[in-house]
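These notes concern the structure reproduced below.
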Amino acid sequence: MSVWSLSTSSEEETGRLGRCLGRLIEQPLVILLSGDLGAGKTCFSRGLARGLGVPEEVPVASPSYTLMNAYTGRLELYHFDLYRLAEPEDLLELGMEEYLPGDGVAIVEWADLFTGLAREYLAVHLSHEQADQRRIECRAAGAGPLALMQKWQGEWLSQA
Ligand code: ADP
Ligand code: MG
């Protein structure tokens, strides 16, 4: 499985990384996010939403209490936060299987609390390095996500 690792040094840069990916998405996709509290999962998701065309004036906040927030951009965007879910059965109650994959883009915070959420996905793991620095490790499962990750990496490196 191919891995792309990089570091960001500000919230703004992590947002820009998400936005860069969001701009490239043209078809339904599952994005699995993992990393500790404050690692930048919501910040990345917000950037991704902007890149996908969710207007700046629409607030993109953490769905910690609602479990899922839906947005409309060039595609539908479903933003999940599984932190408060305790049992795999809760996923069924949420109707997760309709979204992974579904007709739009599903981005899932705390995806690592559950296994086997999707067969094909882009996984992004964020971790604290020091102060405002975050290590970001991206992995793809499936041909579509892999091609997208390579495009994303190329685009990001060409901007740097
Ligand atoms: P999570 O959803 O993973 O709990 P958030 O995105 O809500 O994390 O919060 C990340 C916090 O870390 C914010 O307060 C943000 O300002 C701060 N931060 C500092 N440096 C970075 C960075 N490089 N990337 C993302 N967030 C950062
Ligand atoms: Mg969050």
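Residues are named by chain letter and number: chains run A, B, ... in the order of the structure tokens, numbers start at 1 in each chain, and ligands are numbered from 1 in the order shown.
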
Contacts of Glu11 (chain A) at 8 Å (only C-alpha atoms; same-chain gap of 6+ positions) as a PyMOL selection string: chain A and resi 40+43+132

Thr72 (chain A) surroundings by only C-alpha atoms, 9 Å radius, close-in-sequence under 2 positions cut, as a PyMOL selection string: chain A and resi 49+52-55+70+74-78

Resulting file, chosen residues, C-alpha atoms, as a tab-separated table (two decimals), in the first residue's frame:
chain	number	residue	atom	x	y	z
A	49	ALA	CA	-15.35	21.19	2.01
A	52	LEU	CA	-15.39	20.75	-2.99
A	53	GLY	CA	-17.31	23.98	-3.42
A	54	VAL	CA	-19.10	24.40	-0.09
A	55	PRO	CA	-19.41	28.21	0.10
A	70	ALA	CA	-24.30	17.27	5.39
A	74	ARG	CA	-20.03	20.06	-6.47
A	75	LEU	CA	-21.00	16.77	-4.80
A	76	GLU	CA	-22.84	16.10	-1.56
A	77	LEU	CA	-20.50	16.03	1.43
A	78	TYR	CA	-21.23	13.96	4.54

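One distance worth recording is that between CA of Ser5 (chain A) and CA of Cys138 (chain A), which is 6.2 Å.
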
Filtered DSSP result for chain A, state strand (DSSP E or B), as a PyMOL selection string: chain A and resi 3-8+29-34+68-72+76-81+105-109+121-130+133-141

Output C-alpha atoms for every residue in that selection, as a compact mmCIF listing (two decimals), in the first residue's frame.
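Written out: selection-v7.txt:
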# COMPACT_ATOMS: atom_id res chain seq x y z
CA VAL A 3 1.94 6.01 1.61
CA TRP A 4 2.49 9.72 1.27
CA SER A 5 3.85 11.52 4.35
CA LEU A 6 4.26 15.20 4.86
CA SER A 7 4.22 17.87 7.56
CA THR A 8 2.23 21.04 7.86
CA LEU A 29 -15.19 8.94 -2.28
CA VAL A 30 -14.68 7.78 1.30
CA ILE A 31 -12.04 9.60 3.36
CA LEU A 32 -11.12 8.04 6.71
CA LEU A 33 -9.50 10.40 9.21
CA SER A 34 -7.66 9.41 12.36
CA MET A 68 -23.06 13.81 10.88
CA ASN A 69 -23.36 17.12 9.06
CA ALA A 70 -24.30 17.27 5.39
CA TYR A 71 -23.22 19.95 2.93
CA THR A 72 -23.71 20.59 -0.75
CA GLU A 76 -22.84 16.10 -1.56
CA LEU A 77 -20.50 16.03 1.43
CA TYR A 78 -21.23 13.96 4.54
CA HIS A 79 -19.00 14.83 7.49
CA PHE A 80 -19.04 12.25 10.29
CA ASP A 81 -17.47 12.20 13.75
CA VAL A 105 -18.13 12.30 -0.48
CA ALA A 106 -18.01 10.88 3.05
CA ILE A 107 -15.31 12.19 5.38
CA VAL A 108 -15.11 10.40 8.71
CA GLU A 109 -13.33 11.64 11.85
CA TYR A 121 -10.88 4.74 0.66
CA LEU A 122 -8.32 7.42 1.20
CA ALA A 123 -7.03 7.34 4.77
CA VAL A 124 -5.42 10.39 6.37
CA HIS A 125 -3.73 10.11 9.75
CA LEU A 126 -2.73 13.31 11.53
CA SER A 127 -0.45 13.50 14.53
CA HIS A 128 1.14 16.18 16.70
CA GLU A 129 4.80 16.73 16.01
CA GLN A 130 5.63 19.89 17.89
CA GLN A 133 3.52 21.15 13.34
CA ARG A 134 1.51 18.10 12.30
CA ARG A 135 2.64 14.94 10.59
CA ILE A 136 0.17 13.77 7.98
CA GLU A 137 0.22 10.26 6.52
CA CYS A 138 -1.99 9.46 3.57
CA ARG A 139 -2.76 6.00 2.26
CA ALA A 140 -5.07 4.75 -0.45
CA ALA A 141 -7.02 1.52 -0.85

Near-ligand residues for ligand 2, threshold 9 Å, only C-alpha atoms and all ligand atoms, as JSON, numbers by chain: {"A": [37, 38, 39, 40, 41, 42, 43, 45, 61, 62, 63, 64, 81, 83, 109, 110]}
